[in-house]
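Structure, as structure tokens:
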Amino acid sequence: HARSLSYREEAKRVLPGGVSSSWQSWPPHPIYVRRGLGSLIWDIDGNEYVDLHNGYGVMVMGHAHPKVVEAVRRRVQEGTHFAQPTEEALPVAENLAERYRLPQWRFGNSGTEATLDACRISRALTGRKKILKIEGTYHGHHDSLMVSVFPDQEKAGPRDHPASVPQTLGLPQEFVDLVLNVPFNDLEAAKRAFAEHPGEFACMIVEPAMTNCGLVLPDAGYLAGLKELCHADGSLLVFDEVKTGFTLAWGGAIEAFGVVPDLVCLAKALGAGLPCGAIGGTEEAMGMVIRGELDQQGTFNGNPLTMAAAKANLLDVLTPAAYARFDELNALLANCDEVCAKHGLPANVKFLGAKGSVEFRREPIHEYRDLWDIDDRVPQLAWLWQLNRGVFKSPGSKWESWTTSIVHSDDDVQRYVDNLEEFAATVTNPPA
Ligand code: PMP
């Protein structure tokens, strides 16, 4: 990566760290990408990779999909921004209403904006301030939810009453104090939180399957149990489907697990690579926005270029039939378990739809705290191993699930499995 290394030095002169988002630089250094096509990307050194990063799970339709390219090309010639409604947003909203079984939609530009809107709407509707979240989940970088995202073991407090740990400098303690968190997949813990703070939570926000902790699926009945708890308390259940939406299934986690929340937050794969976010809700949850009592706003909301890409993406590319491809790919990725076991490397593979991860732990991860058992060096080495052998898995291996796409070939994912086997053989029996 000689060119990436030297380019970083050039870029650092005006871009802090040489990048545009701090998370674009994973150690040892950022990889600057030049282009992508289908399941492949090429960096500025000319290296080719099978892309399992897919831009943190955005490019589930594959890079430069011809139907998306054509839609963007057509729209760009007719003007790209008016801050007035255009005719592209309605078919997108109608498609979302069908996928996510929620009738009312508004657009934004990122996952952060979607979860920010969810907090605002929940607080306005309930007149309450506090928010309940899951320990170890990320919901974007606004102040209301940057709490206990990846808390250190020394700061996290007891499991039955996790501390609220600020995730960033510059976060006023007042915001931190408004957020409580409980372990994922523990209904009793959520019940206790509601019992200890009756009538105080505006909402509980949950990633219905954790995707920033490997991939952690909800236990049977967990999500339905949360909905009951929220409603019994007069608070809203919010699903953060920024990563699970369009990836776990055609209708995201709502389809996969059959529980419909009051509000759902979407982003990432929605815009096929253009910056995009959306919030959907029941008539009741969106009532204040519908009646004009609460503003949900933004200059670029429902931007015609973004909506044109989203429309092609949702209506013509990520169709229900397209999702069958993930089951075929997962049948091959399932072999990750066997190749690790063969060499005595403790590991578990998990997948659903386009998402999956290999966890270097004997028992499957069930909640955030389980990650503390994993030696950080192992997933980091596994990531580098893949990177140096033509597979760009998402960095931050211990946290980040992978994302396949509808255009990945069998050979693409087999390459990941083969690399993993070589990795397992080498780390369990290193050369003298
Ligand atoms: N929610 C989840 C679950 C996410 O993973 C992310 C980003 N990785 C966000 C929200 C924030 O989205 P964005 O980066 O588009 O603001």
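Just so we're on the same page: first chain in the structure tokens is A, next is B, and so on; residues restart at 1 for each chain, and ligands are numbered from 1 in the order they show up.
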
* Please identify all polymer residues within 7 Å of Pro346 (chain A), counting only C-alpha atoms, omitting same-chain residues fewer than 6 positions from it, and present them as a PyMOL selection string. => chain A and resi 340+360-362

Residues of the last selection are to be written out with N, CA and C atoms, as a short mmCIF file (atom, residue, chain, number, x, y, z; two decimals), in the first residue's frame.
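Below you can see result-v4.cif, which holds the result:
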data_model
loop_
_atom_site.label_atom_id
_atom_site.label_comp_id
_atom_site.auth_asym_id
_atom_site.auth_seq_id
_atom_site.Cartn_x
_atom_site.Cartn_y
_atom_site.Cartn_z
N CYS A 340 -12.38 -23.37 10.75
CA CYS A 340 -11.72 -22.96 12.00
C CYS A 340 -11.61 -24.16 12.94
N PHE A 360 -14.16 -14.75 17.09
CA PHE A 360 -13.10 -15.62 17.60
C PHE A 360 -13.30 -15.87 19.09
N ARG A 361 -14.29 -16.70 19.37
CA ARG A 361 -14.71 -17.00 20.74
C ARG A 361 -15.40 -18.36 20.71
N ARG A 362 -15.23 -19.14 21.77
CA ARG A 362 -15.78 -20.49 21.77
C ARG A 362 -17.32 -20.46 21.77
#

Show me a table, sorted first by chain and then by increasing residue number, of the residues of region 280-374 of chain A having an atom at most 12 Å from region 227-236 of chain A, each with its shortest atom pair and the distance in Å to one decimal, counting only C-alpha atoms and written as a tab-separated table.
residue	atom	partner	partner_atom	distance
A:Gly281	CA	A:Leu236	CA	10.4
A:Thr282	CA	A:Leu236	CA	10.6
A:Glu284	CA	A:Leu236	CA	10.4
A:Ala285	CA	A:Leu236	CA	7.9
A:Met286	CA	A:Leu236	CA	11.3

* Asked: Quick one: residues within 9 Å of ligand 1, with only C-alpha atoms and all ligand atoms, as a count of residues only?
  -> 33

* What is the distance between CA of Ala321 (chain A) and CA of Lys393 (chain A), in Å to one decimal? -> 25.6 Å

* To do: Give me every strand (DSSP E or B) residue in region 209-376 of chain A, going by DSSP on the backbone, as a list in words.
  => Met210, Val216, Leu236, Leu237, Val238, Phe239, Asp240, Leu263, Val264, Cys265, Leu266, Gly277, Ala278, Ile279, Gly280, Gly281, Asn348, Val349, Lys350, Phe351, Leu352, Lys355, Gly356, Ser357, Val358 and Glu359 of chain A

Would you mind exporting the chosen residues as a JSON list (two decimals), in the first residue's frame, restricted to N, CA, C and O atoms?
[["chain", "number", "residue", "atom", "x", "y", "z"],
["A", 210, "MET", "N", -27.87, -6.91, 16.67],
["A", 210, "MET", "CA", -26.67, -6.06, 16.83],
["A", 210, "MET", "C", -25.71, -6.35, 15.68],
["A", 210, "MET", "O", -25.34, -7.51, 15.45],
["A", 216, "VAL", "N", -25.28, -10.21, 16.32],
["A", 216, "VAL", "CA", -25.99, -10.85, 17.43],
["A", 216, "VAL", "C", -27.48, -10.80, 17.14],
["A", 216, "VAL", "O", -28.08, -9.72, 17.08],
["A", 236, "LEU", "N", -42.09, 4.75, 23.57],
["A", 236, "LEU", "CA", -42.07, 4.23, 22.19],
["A", 236, "LEU", "C", -40.95, 3.22, 22.00],
["A", 236, "LEU", "O", -39.87, 3.37, 22.59],
["A", 237, "LEU", "N", -41.20, 2.23, 21.18],
["A", 237, "LEU", "CA", -40.13, 1.32, 20.76],
["A", 237, "LEU", "C", -39.60, 1.80, 19.41],
["A", 237, "LEU", "O", -40.37, 1.97, 18.46],
["A", 238, "VAL", "N", -38.29, 2.05, 19.37],
["A", 238, "VAL", "CA", -37.65, 2.50, 18.13],
["A", 238, "VAL", "C", -36.66, 1.43, 17.67],
["A", 238, "VAL", "O", -35.83, 0.98, 18.46],
["A", 239, "PHE", "N", -36.78, 1.02, 16.43],
["A", 239, "PHE", "CA", -35.76, 0.13, 15.85],
["A", 239, "PHE", "C", -34.78, 0.98, 15.06],
["A", 239, "PHE", "O", -35.20, 1.75, 14.18],
["A", 240, "ASP", "N", -33.50, 0.81, 15.35],
["A", 240, "ASP", "CA", -32.46, 1.38, 14.51],
["A", 240, "ASP", "C", -32.11, 0.32, 13.47],
["A", 240, "ASP", "O", -31.36, -0.62, 13.76],
["A", 263, "LEU", "N", -41.39, 3.41, 15.69],
["A", 263, "LEU", "CA", -40.57, 4.18, 14.75],
["A", 263, "LEU", "C", -39.42, 3.31, 14.27],
["A", 263, "LEU", "O", -38.89, 2.49, 15.03],
["A", 264, "VAL", "N", -39.05, 3.49, 13.00],
["A", 264, "VAL", "CA", -37.87, 2.79, 12.49],
["A", 264, "VAL", "C", -36.95, 3.79, 11.81],
["A", 264, "VAL", "O", -37.41, 4.72, 11.14],
["A", 265, "CYS", "N", -35.64, 3.62, 12.03],
["A", 265, "CYS", "CA", -34.63, 4.49, 11.43],
["A", 265, "CYS", "C", -33.90, 3.71, 10.34],
["A", 265, "CYS", "O", -33.43, 2.60, 10.58],
["A", 266, "LEU", "N", -33.80, 4.33, 9.16],
["A", 266, "LEU", "CA", -33.10, 3.70, 8.03],
["A", 266, "LEU", "C", -32.03, 4.66, 7.50],
["A", 266, "LEU", "O", -32.12, 5.86, 7.69],
["A", 277, "GLY", "N", -31.11, 9.03, 4.53],
["A", 277, "GLY", "CA", -31.67, 8.48, 5.76],
["A", 277, "GLY", "C", -33.18, 8.59, 5.69],
["A", 277, "GLY", "O", -33.72, 9.32, 4.87],
["A", 278, "ALA", "N", -33.85, 7.84, 6.56],
["A", 278, "ALA", "CA", -35.31, 7.93, 6.60],
["A", 278, "ALA", "C", -35.80, 7.53, 7.98],
["A", 278, "ALA", "O", -35.15, 6.75, 8.68],
["A", 279, "ILE", "N", -36.93, 8.12, 8.34],
["A", 279, "ILE", "CA", -37.60, 7.67, 9.56],
["A", 279, "ILE", "C", -39.03, 7.34, 9.20],
["A", 279, "ILE", "O", -39.70, 8.09, 8.49],
["A", 280, "GLY", "N", -39.47, 6.16, 9.66],
["A", 280, "GLY", "CA", -40.83, 5.73, 9.40],
["A", 280, "GLY", "C", -41.54, 5.48, 10.71],
["A", 280, "GLY", "O", -40.89, 5.17, 11.71],
["A", 281, "GLY", "N", -42.87, 5.61, 10.71],
["A", 281, "GLY", "CA", -43.58, 5.39, 11.96],
["A", 281, "GLY", "C", -45.05, 5.12, 11.77],
["A", 281, "GLY", "O", -45.59, 5.23, 10.66],
["A", 348, "ASN", "N", -16.91, -18.82, 15.86],
["A", 348, "ASN", "CA", -18.31, -19.05, 15.49],
["A", 348, "ASN", "C", -18.63, -18.21, 14.28],
["A", 348, "ASN", "O", -18.25, -17.05, 14.23],
["A", 349, "VAL", "N", -19.35, -18.79, 13.34],
["A", 349, "VAL", "CA", -19.83, -17.96, 12.23],
["A", 349, "VAL", "C", -21.32, -17.73, 12.42],
["A", 349, "VAL", "O", -22.05, -18.62, 12.86],
["A", 350, "LYS", "N", -21.73, -16.50, 12.15],
["A", 350, "LYS", "CA", -23.16, -16.16, 12.22],
["A", 350, "LYS", "C", -23.50, -15.39, 10.96],
["A", 350, "LYS", "O", -22.70, -14.61, 10.47],
["A", 351, "PHE", "N", -24.70, -15.59, 10.45],
["A", 351, "PHE", "CA", -25.12, -14.81, 9.28],
["A", 351, "PHE", "C", -26.63, -14.76, 9.20],
["A", 351, "PHE", "O", -27.32, -15.62, 9.72],
["A", 352, "LEU", "N", -27.10, -13.73, 8.57],
["A", 352, "LEU", "CA", -28.52, -13.61, 8.20],
["A", 352, "LEU", "C", -28.58, -12.61, 7.06],
["A", 352, "LEU", "O", -28.09, -11.48, 7.19],
["A", 355, "LYS", "N", -25.69, -9.98, 6.06],
["A", 355, "LYS", "CA", -24.82, -9.70, 7.20],
["A", 355, "LYS", "C", -24.26, -10.98, 7.81],
["A", 355, "LYS", "O", -24.95, -12.00, 7.85],
["A", 356, "GLY", "N", -23.05, -10.88, 8.31],
["A", 356, "GLY", "CA", -22.48, -12.02, 9.00],
["A", 356, "GLY", "C", -21.18, -11.65, 9.66],
["A", 356, "GLY", "O", -20.65, -10.55, 9.47],
["A", 357, "SER", "N", -20.68, -12.55, 10.48],
["A", 357, "SER", "CA", -19.38, -12.33, 11.10],
["A", 357, "SER", "C", -18.82, -13.64, 11.63],
["A", 357, "SER", "O", -19.57, -14.58, 11.91],
["A", 358, "VAL", "N", -17.50, -13.66, 11.71],
["A", 358, "VAL", "CA", -16.82, -14.76, 12.40],
["A", 358, "VAL", "C", -16.31, -14.18, 13.72],
["A", 358, "VAL", "O", -15.60, -13.18, 13.73],
["A", 359, "GLU", "N", -16.74, -14.80, 14.80],
["A", 359, "GLU", "CA", -16.32, -14.34, 16.13],
["A", 359, "GLU", "C", -15.27, -15.30, 16.66],
["A", 359, "GLU", "O", -15.50, -16.50, 16.65]]

* With only C-alpha atoms as the basis for distance, which of A:Ala195, A:Leu329, A:Ala308, A:Gly353 is at the shortest distance from Leu90 (chain A)? -> A:Ala308

* Asked: Taking the backbone alone, and naming residues the way the document does, which bits of region 21-217 of chain A are helix (DSSP H, G or I) by DSSP, as a PyMOL selection string?
  -> chain A and resi 22-24+54-57+66-76+89-100+111-126+173-177+187-196

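From CA of Phe246 (chain A) back to CA of Ala272 (chain A), the distance works out to 10.5 Å.
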
* Asked: So, counting only C-alpha atoms, which residue among A:Glu293, A:Pro183, A:Ile31, A:Ile205 is closest to Leu116 (chain A)?
  -> A:Ile205

* For Leu178 (chain A), list every protein, DNA or RNA residue within 10 Å, evaluated using only C-alpha atoms, and leave out those in the same chain fewer than 6 positions away; present the list as an NGL selection string. => :A and (129-132 or 144-145 or 147 or 164 or 200-201)

Output of the above residues as a JSON list (two decimals), in the first residue's frame, restricted to N, CA, C and O atoms:
[["chain", "number", "residue", "atom", "x", "y", "z"],
["A", 129, "LYS", "N", -37.85, 12.87, 28.98],
["A", 129, "LYS", "CA", -36.48, 13.19, 28.54],
["A", 129, "LYS", "C", -35.59, 11.97, 28.36],
["A", 129, "LYS", "O", -34.70, 11.97, 27.52],
["A", 130, "LYS", "N", -35.77, 10.96, 29.19],
["A", 130, "LYS", "CA", -34.79, 9.85, 29.22],
["A", 130, "LYS", "C", -34.97, 8.88, 28.05],
["A", 130, "LYS", "O", -36.07, 8.71, 27.53],
["A", 131, "ILE", "N", -33.85, 8.25, 27.73],
["A", 131, "ILE", "CA", -33.87, 7.25, 26.65],
["A", 131, "ILE", "C", -33.20, 5.98, 27.17],
["A", 131, "ILE", "O", -32.16, 6.05, 27.83],
["A", 132, "LEU", "N", -33.80, 4.86, 26.85],
["A", 132, "LEU", "CA", -33.20, 3.57, 27.20],
["A", 132, "LEU", "C", -32.59, 2.97, 25.94],
["A", 132, "LEU", "O", -33.25, 2.94, 24.89],
["A", 144, "SER", "N", -27.52, 12.84, 21.81],
["A", 144, "SER", "CA", -28.50, 12.08, 22.59],
["A", 144, "SER", "C", -28.16, 10.60, 22.75],
["A", 144, "SER", "O", -28.69, 9.95, 23.65],
["A", 145, "LEU", "N", -27.31, 10.06, 21.88],
["A", 145, "LEU", "CA", -27.10, 8.61, 21.92],
["A", 145, "LEU", "C", -25.63, 8.17, 21.94],
["A", 145, "LEU", "O", -25.35, 6.97, 21.84],
["A", 147, "VAL", "N", -23.61, 7.33, 24.02],
["A", 147, "VAL", "CA", -23.42, 6.86, 25.39],
["A", 147, "VAL", "C", -23.29, 5.33, 25.38],
["A", 147, "VAL", "O", -24.10, 4.66, 24.74],
["A", 164, "SER", "N", -23.63, 4.71, 32.58],
["A", 164, "SER", "CA", -23.77, 5.45, 31.33],
["A", 164, "SER", "C", -22.43, 6.10, 31.04],
["A", 164, "SER", "O", -22.00, 7.00, 31.74],
["A", 200, "GLU", "N", -40.56, 7.45, 32.78],
["A", 200, "GLU", "CA", -39.45, 8.38, 32.52],
["A", 200, "GLU", "C", -38.87, 8.26, 31.11],
["A", 200, "GLU", "O", -38.28, 9.21, 30.61],
["A", 201, "PHE", "N", -39.00, 7.11, 30.47],
["A", 201, "PHE", "CA", -38.36, 6.93, 29.16],
["A", 201, "PHE", "C", -39.28, 7.40, 28.02],
["A", 201, "PHE", "O", -40.42, 6.95, 27.92]]

Near region 364-372 of chain A, 12 Å: region 126-155 of chain A residue rows, closest pairs, only C-alpha atoms, as a tab-separated table:
residue	atom	partner	partner_atom	distance
A:Ile134	CA	A:Tyr368	CA	8.7
A:Glu135	CA	A:Tyr368	CA	6.5
A:Gly136	CA	A:Tyr368	CA	5.2
A:Thr137	CA	A:Tyr368	CA	8.1
A:Tyr138	CA	A:Tyr368	CA	11.4
A:Ser148	CA	A:Tyr368	CA	10.2
A:Val149	CA	A:Tyr368	CA	9.4
A:Phe150	CA	A:Tyr368	CA	8.2
A:Pro151	CA	A:Arg369	CA	9.2
A:Asp152	CA	A:Trp372	CA	8.6
A:Gln153	CA	A:Trp372	CA	7.3
A:Glu154	CA	A:Trp372	CA	10.9

* Identify which of the residues A:Gln380, A:Ser405, A:Asn181, A:Ser22 lies closest to Leu248 (chain A), counting only C-alpha atoms when measuring atom-to-atom distances. =>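 For Leu248 (chain A), the nearest of the given residues is A:Ser405.
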
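The nearest approach to Gln296 (chain A) among the residues A:Glu363, A:Asp117, A:Asp411, A:Glu283, with only C-alpha atoms taken into account, belongs to A:Asp117.
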
* To do: Mind checking which residues fall within 10 Å of Asp160 (chain A), counting only C-alpha atoms, ignoring those fewer than 6 positions away in the same chain, and posting them as a PyMOL selection string?
  => chain A and resi 181-183+188-190+192-193

* What's the 9 Å shell around region 74-84 of chain A, counting only C-alpha atoms, without same-chain residues fewer than 5 positions away, as a ChimeraX atom specification? -> /A:69,298-306,308-309

* Asked: Of the candidates A:Ala424, A:Ala432, A:Ala64, A:Val58, which one gets nearest to Ala341 (chain A) if we count only C-alpha atoms?
  ->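 For Ala341 (chain A), the nearest of the candidates is A:Ala424.
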
* **All residues 8 Å or closer to region 32-39 of chain A, only C-alpha atoms, same chain fewer than 5 positions away omitted, as number ranges by chain** => A: 4, 44, 50-51, 62-65, 405, 407-409, 412

Given the selection you just returned, output its residues as a file containing N, CA and C atoms, formatted as a PDB file, in the first residue's frame.
ATOM      1  N   SER A   4      -1.065   4.478  -0.969  1.00  0.00           N
ATOM      2  CA  SER A   4      -1.968   4.910   0.116  1.00  0.00           C
ATOM      3  C   SER A   4      -1.182   5.584   1.231  1.00  0.00           C
ATOM      4  N   ILE A  44      -5.829   2.801  -4.641  1.00  0.00           N
ATOM      5  CA  ILE A  44      -5.007   3.670  -5.493  1.00  0.00           C
ATOM      6  C   ILE A  44      -3.630   3.063  -5.775  1.00  0.00           C
ATOM      7  N   VAL A  50     -12.143  -8.298  -3.258  1.00  0.00           N
ATOM      8  CA  VAL A  50     -13.559  -8.633  -3.079  1.00  0.00           C
ATOM      9  C   VAL A  50     -14.041  -7.765  -1.924  1.00  0.00           C
ATOM     10  N   ASP A  51     -15.114  -7.031  -2.132  1.00  0.00           N
ATOM     11  CA  ASP A  51     -15.546  -6.073  -1.104  1.00  0.00           C
ATOM     12  C   ASP A  51     -16.574  -6.700  -0.168  1.00  0.00           C
ATOM     13  N   GLY A  62     -24.324  -3.838  -4.781  1.00  0.00           N
ATOM     14  CA  GLY A  62     -23.097  -3.895  -5.575  1.00  0.00           C
ATOM     15  C   GLY A  62     -22.725  -2.512  -6.086  1.00  0.00           C
ATOM     16  N   HIS A  63     -21.434  -2.349  -6.413  1.00  0.00           N
ATOM     17  CA  HIS A  63     -20.943  -1.036  -6.843  1.00  0.00           C
ATOM     18  C   HIS A  63     -21.366  -0.741  -8.279  1.00  0.00           C
ATOM     19  N   ALA A  64     -21.745   0.516  -8.497  1.00  0.00           N
ATOM     20  CA  ALA A  64     -22.074   1.024  -9.842  1.00  0.00           C
ATOM     21  C   ALA A  64     -23.087   0.123 -10.555  1.00  0.00           C
ATOM     22  N   HIS A  65     -24.123  -0.258  -9.840  1.00  0.00           N
ATOM     23  CA  HIS A  65     -25.163  -1.077 -10.472  1.00  0.00           C
ATOM     24  C   HIS A  65     -25.746  -0.303 -11.666  1.00  0.00           C
ATOM     25  N   SER A 405     -23.217  -8.788  -1.153  1.00  0.00           N
ATOM     26  CA  SER A 405     -24.133  -8.062  -2.036  1.00  0.00           C
ATOM     27  C   SER A 405     -24.831  -9.070  -2.948  1.00  0.00           C
ATOM     28  N   VAL A 407     -24.655  -9.178  -5.966  1.00  0.00           N
ATOM     29  CA  VAL A 407     -23.837  -9.520  -7.137  1.00  0.00           C
ATOM     30  C   VAL A 407     -22.539 -10.238  -6.757  1.00  0.00           C
ATOM     31  N   HIS A 408     -22.356 -10.581  -5.492  1.00  0.00           N
ATOM     32  CA  HIS A 408     -21.170 -11.370  -5.133  1.00  0.00           C
ATOM     33  C   HIS A 408     -21.279 -12.763  -5.771  1.00  0.00           C
ATOM     34  N   SER A 409     -20.122 -13.244  -6.266  1.00  0.00           N
ATOM     35  CA  SER A 409     -20.096 -14.577  -6.864  1.00  0.00           C
ATOM     36  C   SER A 409     -19.740 -15.609  -5.789  1.00  0.00           C
ATOM     37  N   ASP A 412     -16.166 -15.247  -4.971  1.00  0.00           N
ATOM     38  CA  ASP A 412     -15.865 -14.118  -4.078  1.00  0.00           C
ATOM     39  C   ASP A 412     -15.880 -14.569  -2.617  1.00  0.00           C
TER      40      ASP A 412
END

* Asked: With only C-alpha atoms as the basis for distance, which of A:Asp327, A:Pro27, A:Arg128, A:Leu314 is at the shortest distance from Pro198 (chain A)?
  -> A:Arg128

* Name all residues at most 8 Å from Tyr323 (chain A) (count only C-alpha atoms; drop same-chain ones fewer than 3 positions away) and give them as a count of residues only. => 9
